[in-house]
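Single-structure report; data block below.
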Amino acid sequence: MAEMVATFPKKYGRVPHLVVVRVGEDPASVVYVRNKAKACDAVGIKNTTIVKDENISEEELLNLIKELNVDHTVDGVLVQLPLPKHISEAKVIETIDKNKDVDGFHPLNVAGLWQKTPHMEPCTPKGIMYLLREIGIDLKGKRAVVIGRSNIVGLPVAKMLLDANATVTQCHTRTVDLPSITRQADILVVAAGKAKMVTGDMVSDGVVVIDVGMDRDPETGKLCGDVDFDTVSSKASAITPVPGGVGPMTIACLMQNTIDCFLLNQTIKA
Ligand code: GUN
């Protein structure tokens with residue numbers, strides 16, 4: 001990726017530029033936003049982090065986004081979620097220009113995923129599909145179980161797995177008798193936001209497990225996933241660790257989306 005970006009100044013006169021907006025001091029968001037900036041630096045993407053006080057008004061934040069939308073030196077705009085309660089996340093997401101929406105959260109990008117028309121793909125689901133390809137799994141005819149139904153991960157990843165010809169069952173934390181469903185999975189994607197909720201007795205031998213969790217172990221306080229790594233890894237044929245599995249892949253996809261927005265920008269201008 002870095003080699004590709006290095007060719008851009010000669011070809012286009014500049015490198016891609018990602019602007020990340022953080023509102024407030026949510027500890028997880030501070031870490032995520034820092035990691036996004038680090039990744040940009042590693043790839044050679046210009047990046048600006050804008051930090052706003054948690055008391056910023058919704059109007060002020062929407063005006064900032066509108067300014068970034070019309071700024072031709074900015075290719076990607078990302079507002080880190082969650083936002084303080086007085087700000088509508090839906091309004092923020094729909095205000096970002098869909099051609100600068102590196103997260104793929106804008107309603108028109110979501111519609112594009114469901115209608116199979118050109119769109120920006122959300123980073124974590126895109127990263128999961130990339131990982132599954134890397135592991136070398138042919139998804140056709142496989143049984144995939146997704147735990148979670150968020151707009152950010154659960155819903156889009158289930159749709160992508162379906163489009164890749166897996167048979168998909170979508171579950172959540174209130175699913176009755178979850179183990180009877182997860183035991184049928186060839187591929188298990190867990191994005192439920194609950195520490196170590198999937199245990200070894202809930203999976204079958206040979207399962208491929210993608211853990212999207214980013215939780216704290218209630219006993220040790222250490223970072224852990226939604227999957228109890230120790231009991232599940234002895235049965236799984238492949239499993240993504242937390243930290244280290246899906247997270248870096250999400251960031252890699254964010255870099256790719258920023259480059260895609262930049263290139264789209266060039267063709268619109270041409
Ligand atoms: N908060 C947690 N994950 C994400 C993400 O992928 N994008 C944004 N904007 N906020 C997040």
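The chains in the structure tokens are called A, B, ... from first to last as shown; in each chain the residues are counted from 1, and the ligands are counted from 1 in the order shown.
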### Message
Taking only C-alpha atoms and all ligand atoms into account, list the residues no farther than 8 Å from ligand 1, as a list in words.
### Response
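Listed by chain and ascending number, the contacts are Ser29, Tyr32, Leu78, Val79, Gln80, Leu81, Pro82, Asp103, Pro122, Cys123, Thr124, Ile152 and Thr250 of chain A.
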### Task
Please run DSSP on the backbone and report, as a VMD selection string, all residues within stretch 27-187 of chain A that come out as alpha helix (DSSP H).
chain A and resid 27 to 43 58 to 70 89 to 95 107 to 115 123 to 135 154 to 163 178 to 182
### Message
List the spatial neighbours of stretch 84-91 of chain A as JSON, numbers by chain - criterion: any atom at most 9 Å away, only C-alpha atoms, same-chain residues fewer than 5 positions off excluded.
### Response
{"A": [23, 24, 54, 55, 56, 57, 58, 59, 61, 62, 96, 106]}
Writing out the chosen residues with all heavy atoms as a short mmCIF file (atom, residue, chain, number, x, y, z; two decimals), in the first residue's frame:
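Wrote it out as selection02.cif, contents follow:
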data_model
loop_
_atom_site.label_atom_id
_atom_site.label_comp_id
_atom_site.auth_asym_id
_atom_site.auth_seq_id
_atom_site.Cartn_x
_atom_site.Cartn_y
_atom_site.Cartn_z
N VAL A 23 -14.80 13.23 19.36
CA VAL A 23 -15.53 14.12 20.26
C VAL A 23 -15.43 13.52 21.67
O VAL A 23 -15.86 12.40 21.89
CB VAL A 23 -17.02 14.25 19.84
CG1 VAL A 23 -17.76 15.16 20.82
CG2 VAL A 23 -17.13 14.80 18.43
N GLY A 24 -14.84 14.28 22.58
CA GLY A 24 -14.72 13.81 23.96
C GLY A 24 -13.53 12.89 24.17
O GLY A 24 -12.68 12.74 23.28
N GLU A 54 -16.44 17.37 24.53
CA GLU A 54 -17.67 16.55 24.53
C GLU A 54 -18.95 17.39 24.59
O GLU A 54 -20.04 16.91 24.30
CB GLU A 54 -17.65 15.54 25.69
CG GLU A 54 -17.66 16.19 27.05
CD GLU A 54 -17.71 15.17 28.19
OE1 GLU A 54 -17.87 13.99 27.91
OE2 GLU A 54 -17.57 15.62 29.34
N ASN A 55 -18.81 18.67 24.92
CA ASN A 55 -19.97 19.55 24.98
C ASN A 55 -20.25 20.27 23.66
O ASN A 55 -21.17 21.09 23.61
CB ASN A 55 -19.79 20.60 26.09
CG ASN A 55 -19.76 19.93 27.46
OD1 ASN A 55 -20.57 19.04 27.73
ND2 ASN A 55 -18.81 20.33 28.29
N ILE A 56 -19.52 19.96 22.63
CA ILE A 56 -19.78 20.58 21.32
C ILE A 56 -21.25 20.35 20.96
O ILE A 56 -21.79 19.27 21.21
CB ILE A 56 -18.83 20.01 20.23
CG1 ILE A 56 -18.99 20.78 18.92
CG2 ILE A 56 -19.06 18.53 20.03
CD1 ILE A 56 -18.01 20.33 17.82
N SER A 57 -21.88 21.37 20.37
CA SER A 57 -23.29 21.19 19.99
C SER A 57 -23.36 20.36 18.71
O SER A 57 -22.40 20.30 17.93
CB SER A 57 -23.96 22.54 19.77
OG SER A 57 -23.46 23.14 18.60
N GLU A 58 -24.51 19.77 18.52
CA GLU A 58 -24.72 18.95 17.30
C GLU A 58 -24.54 19.83 16.07
O GLU A 58 -23.88 19.42 15.09
CB GLU A 58 -26.14 18.36 17.35
CG GLU A 58 -26.45 17.46 16.17
CD GLU A 58 -27.84 16.89 16.28
OE1 GLU A 58 -28.01 15.87 16.96
OE2 GLU A 58 -28.76 17.48 15.68
N GLU A 59 -25.09 21.05 16.12
CA GLU A 59 -25.02 21.96 14.98
C GLU A 59 -23.57 22.28 14.62
O GLU A 59 -23.19 22.26 13.44
CB GLU A 59 -25.78 23.25 15.31
CG GLU A 59 -25.98 24.12 14.11
CD GLU A 59 -26.54 25.49 14.47
OE1 GLU A 59 -26.79 25.74 15.68
OE2 GLU A 59 -26.69 26.30 13.56
N LEU A 61 -20.92 20.49 15.25
CA LEU A 61 -20.26 19.30 14.68
C LEU A 61 -20.71 19.09 13.22
O LEU A 61 -19.88 18.81 12.34
CB LEU A 61 -20.58 18.05 15.52
CG LEU A 61 -19.92 16.76 15.06
CD1 LEU A 61 -18.39 16.86 15.06
CD2 LEU A 61 -20.33 15.57 15.95
N LEU A 62 -22.01 19.27 12.95
CA LEU A 62 -22.50 19.10 11.57
C LEU A 62 -21.87 20.15 10.66
O LEU A 62 -21.52 19.84 9.51
CB LEU A 62 -24.04 19.19 11.54
CG LEU A 62 -24.80 18.09 12.30
CD1 LEU A 62 -26.30 18.26 12.16
CD2 LEU A 62 -24.39 16.68 11.86
N ILE A 96 -22.00 13.32 6.40
CA ILE A 96 -20.71 13.09 5.72
C ILE A 96 -20.98 12.78 4.25
O ILE A 96 -21.83 11.94 3.92
CB ILE A 96 -19.96 11.91 6.39
CG1 ILE A 96 -19.59 12.25 7.84
CG2 ILE A 96 -18.70 11.56 5.60
CD1 ILE A 96 -19.03 11.08 8.65
N HIS A 106 -22.68 5.74 5.58
CA HIS A 106 -23.71 6.63 5.03
C HIS A 106 -24.87 5.78 4.46
O HIS A 106 -24.63 4.72 3.86
CB HIS A 106 -23.09 7.50 3.91
CG HIS A 106 -24.01 8.56 3.41
ND1 HIS A 106 -25.06 8.29 2.55
CD2 HIS A 106 -24.06 9.88 3.67
CE1 HIS A 106 -25.70 9.43 2.30
NE2 HIS A 106 -25.11 10.40 2.97
#
### Test item: residues at most 12 Å from stretch 14-19 of chain A, only C-alpha atoms, excluding those fewer than 6 positions along its chain, as number ranges by chain
A: 2-8, 33, 36-41, 43-51, 64-65, 67-69, 71-80, 96, 100-103, 254-266
Writing out the chosen residues with C-alpha atoms as a PDB file, in the first residue's frame:
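Just written: selection-v3.pdb:
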ATOM      1  CA  ALA A   2       2.820   2.386   0.948  1.00  0.00           C
ATOM      2  CA  GLU A   3       4.506   1.778  -2.436  1.00  0.00           C
ATOM      3  CA  MET A   4       1.267   2.687  -4.196  1.00  0.00           C
ATOM      4  CA  VAL A   5       0.785   5.879  -2.169  1.00  0.00           C
ATOM      5  CA  ALA A   6       4.396   6.864  -2.902  1.00  0.00           C
ATOM      6  CA  THR A   7       3.525   7.069  -6.618  1.00  0.00           C
ATOM      7  CA  PHE A   8       0.654   9.530  -6.038  1.00  0.00           C
ATOM      8  CA  VAL A  33      -8.145   7.227  16.748  1.00  0.00           C
ATOM      9  CA  LYS A  36      -5.760   5.198  12.746  1.00  0.00           C
ATOM     10  CA  ALA A  37      -3.294   8.106  12.665  1.00  0.00           C
ATOM     11  CA  LYS A  38      -0.337   5.727  13.162  1.00  0.00           C
ATOM     12  CA  ALA A  39      -1.530   3.547  10.273  1.00  0.00           C
ATOM     13  CA  CYS A  40      -1.853   6.588   7.998  1.00  0.00           C
ATOM     14  CA  ASP A  41       1.700   7.595   8.871  1.00  0.00           C
ATOM     15  CA  VAL A  43       1.299   4.073   4.682  1.00  0.00           C
ATOM     16  CA  GLY A  44       2.162   7.697   3.834  1.00  0.00           C
ATOM     17  CA  ILE A  45      -1.413   9.014   3.987  1.00  0.00           C
ATOM     18  CA  LYS A  46      -1.721  12.589   5.226  1.00  0.00           C
ATOM     19  CA  ASN A  47      -3.922  12.637   8.305  1.00  0.00           C
ATOM     20  CA  THR A  48      -5.446  15.192  10.595  1.00  0.00           C
ATOM     21  CA  THR A  49      -7.070  14.410  13.920  1.00  0.00           C
ATOM     22  CA  ILE A  50      -9.579  16.994  15.107  1.00  0.00           C
ATOM     23  CA  VAL A  51     -10.484  16.704  18.791  1.00  0.00           C
ATOM     24  CA  LEU A  64     -17.522  21.078  10.783  1.00  0.00           C
ATOM     25  CA  ILE A  65     -18.437  18.035   8.684  1.00  0.00           C
ATOM     26  CA  GLU A  67     -16.743  22.278   5.828  1.00  0.00           C
ATOM     27  CA  LEU A  68     -14.711  19.079   5.414  1.00  0.00           C
ATOM     28  CA  ASN A  69     -17.127  17.884   2.710  1.00  0.00           C
ATOM     29  CA  ASP A  71     -12.651  20.966   1.240  1.00  0.00           C
ATOM     30  CA  HIS A  72     -10.999  19.577  -1.914  1.00  0.00           C
ATOM     31  CA  THR A  73      -7.806  18.770  -0.019  1.00  0.00           C
ATOM     32  CA  VAL A  74      -9.719  16.253   2.156  1.00  0.00           C
ATOM     33  CA  ASP A  75     -10.527  12.804   0.729  1.00  0.00           C
ATOM     34  CA  GLY A  76     -11.887  10.915   3.723  1.00  0.00           C
ATOM     35  CA  VAL A  77     -13.924  12.049   6.734  1.00  0.00           C
ATOM     36  CA  LEU A  78     -14.402   9.790   9.752  1.00  0.00           C
ATOM     37  CA  VAL A  79     -16.211  10.699  12.960  1.00  0.00           C
ATOM     38  CA  GLN A  80     -15.298   8.236  15.686  1.00  0.00           C
ATOM     39  CA  ILE A  96     -20.713  13.088   5.724  1.00  0.00           C
ATOM     40  CA  LYS A 100     -15.728  10.763   1.606  1.00  0.00           C
ATOM     41  CA  ASP A 101     -17.407   8.193   3.853  1.00  0.00           C
ATOM     42  CA  VAL A 102     -14.398   5.938   4.505  1.00  0.00           C
ATOM     43  CA  ASP A 103     -16.421   4.069   7.174  1.00  0.00           C
ATOM     44  CA  LEU A 254      -9.720   1.996   6.335  1.00  0.00           C
ATOM     45  CA  MET A 255      -6.447   2.824   4.580  1.00  0.00           C
ATOM     46  CA  GLN A 256      -7.726   1.114   1.431  1.00  0.00           C
ATOM     47  CA  ASN A 257     -11.028   3.018   1.602  1.00  0.00           C
ATOM     48  CA  THR A 258      -9.149   6.311   2.020  1.00  0.00           C
ATOM     49  CA  ILE A 259      -7.101   5.547  -1.092  1.00  0.00           C
ATOM     50  CA  ASP A 260     -10.295   4.585  -2.951  1.00  0.00           C
ATOM     51  CA  CYS A 261     -11.971   7.885  -1.960  1.00  0.00           C
ATOM     52  CA  PHE A 262      -8.856   9.776  -3.084  1.00  0.00           C
ATOM     53  CA  LEU A 263      -8.859   8.030  -6.467  1.00  0.00           C
ATOM     54  CA  LEU A 264     -12.610   8.625  -6.828  1.00  0.00           C
ATOM     55  CA  ASN A 265     -11.932  12.294  -6.074  1.00  0.00           C
ATOM     56  CA  GLN A 266      -9.424  12.420  -8.936  1.00  0.00           C
TER      57      GLN A 266
END
### Query
Between A:Arg149, A:Arg183, A:Arg133, A:Arg34, which has the minimum distance to A:Cys171 (counting only C-alpha atoms)?
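Between A:Arg149, A:Arg183, A:Arg133, A:Arg34, the residue approaching A:Cys171 most closely is A:Arg149.
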### Task
Have a look at atom CA of A:Gly154 and atom CA of A:Ala191 and let me know their distance in Å, one decimal.
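Taking atom CA of A:Gly154 and atom CA of A:Ala191, their separation equals 6.3 Å.
Atom CA of A:Val146 lies 16.7 Å from atom CA of A:Gly206.
Candidate residues A:Ala28, A:Ala42, A:Leu108, A:Asp186 were compared for distance to A:Gly141, and the nearest is A:Asp186, using only C-alpha atoms.
Distances here use only C-alpha atoms; by that measure, the residue among A:Ala164, A:Met129, A:Val21, A:Ala111 closest to A:Val92 is A:Val21.
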### Task
Rank nothing, just name the residue among A:Pro156, A:Pro118, A:Gly127, A:Pro243 nearest to A:Lys222, using only C-alpha atoms.
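The closest residue to A:Lys222 is A:Pro243.
The coordinates place atom CA of A:Thr169 at 17.9 Å from atom CA of A:Ile137.
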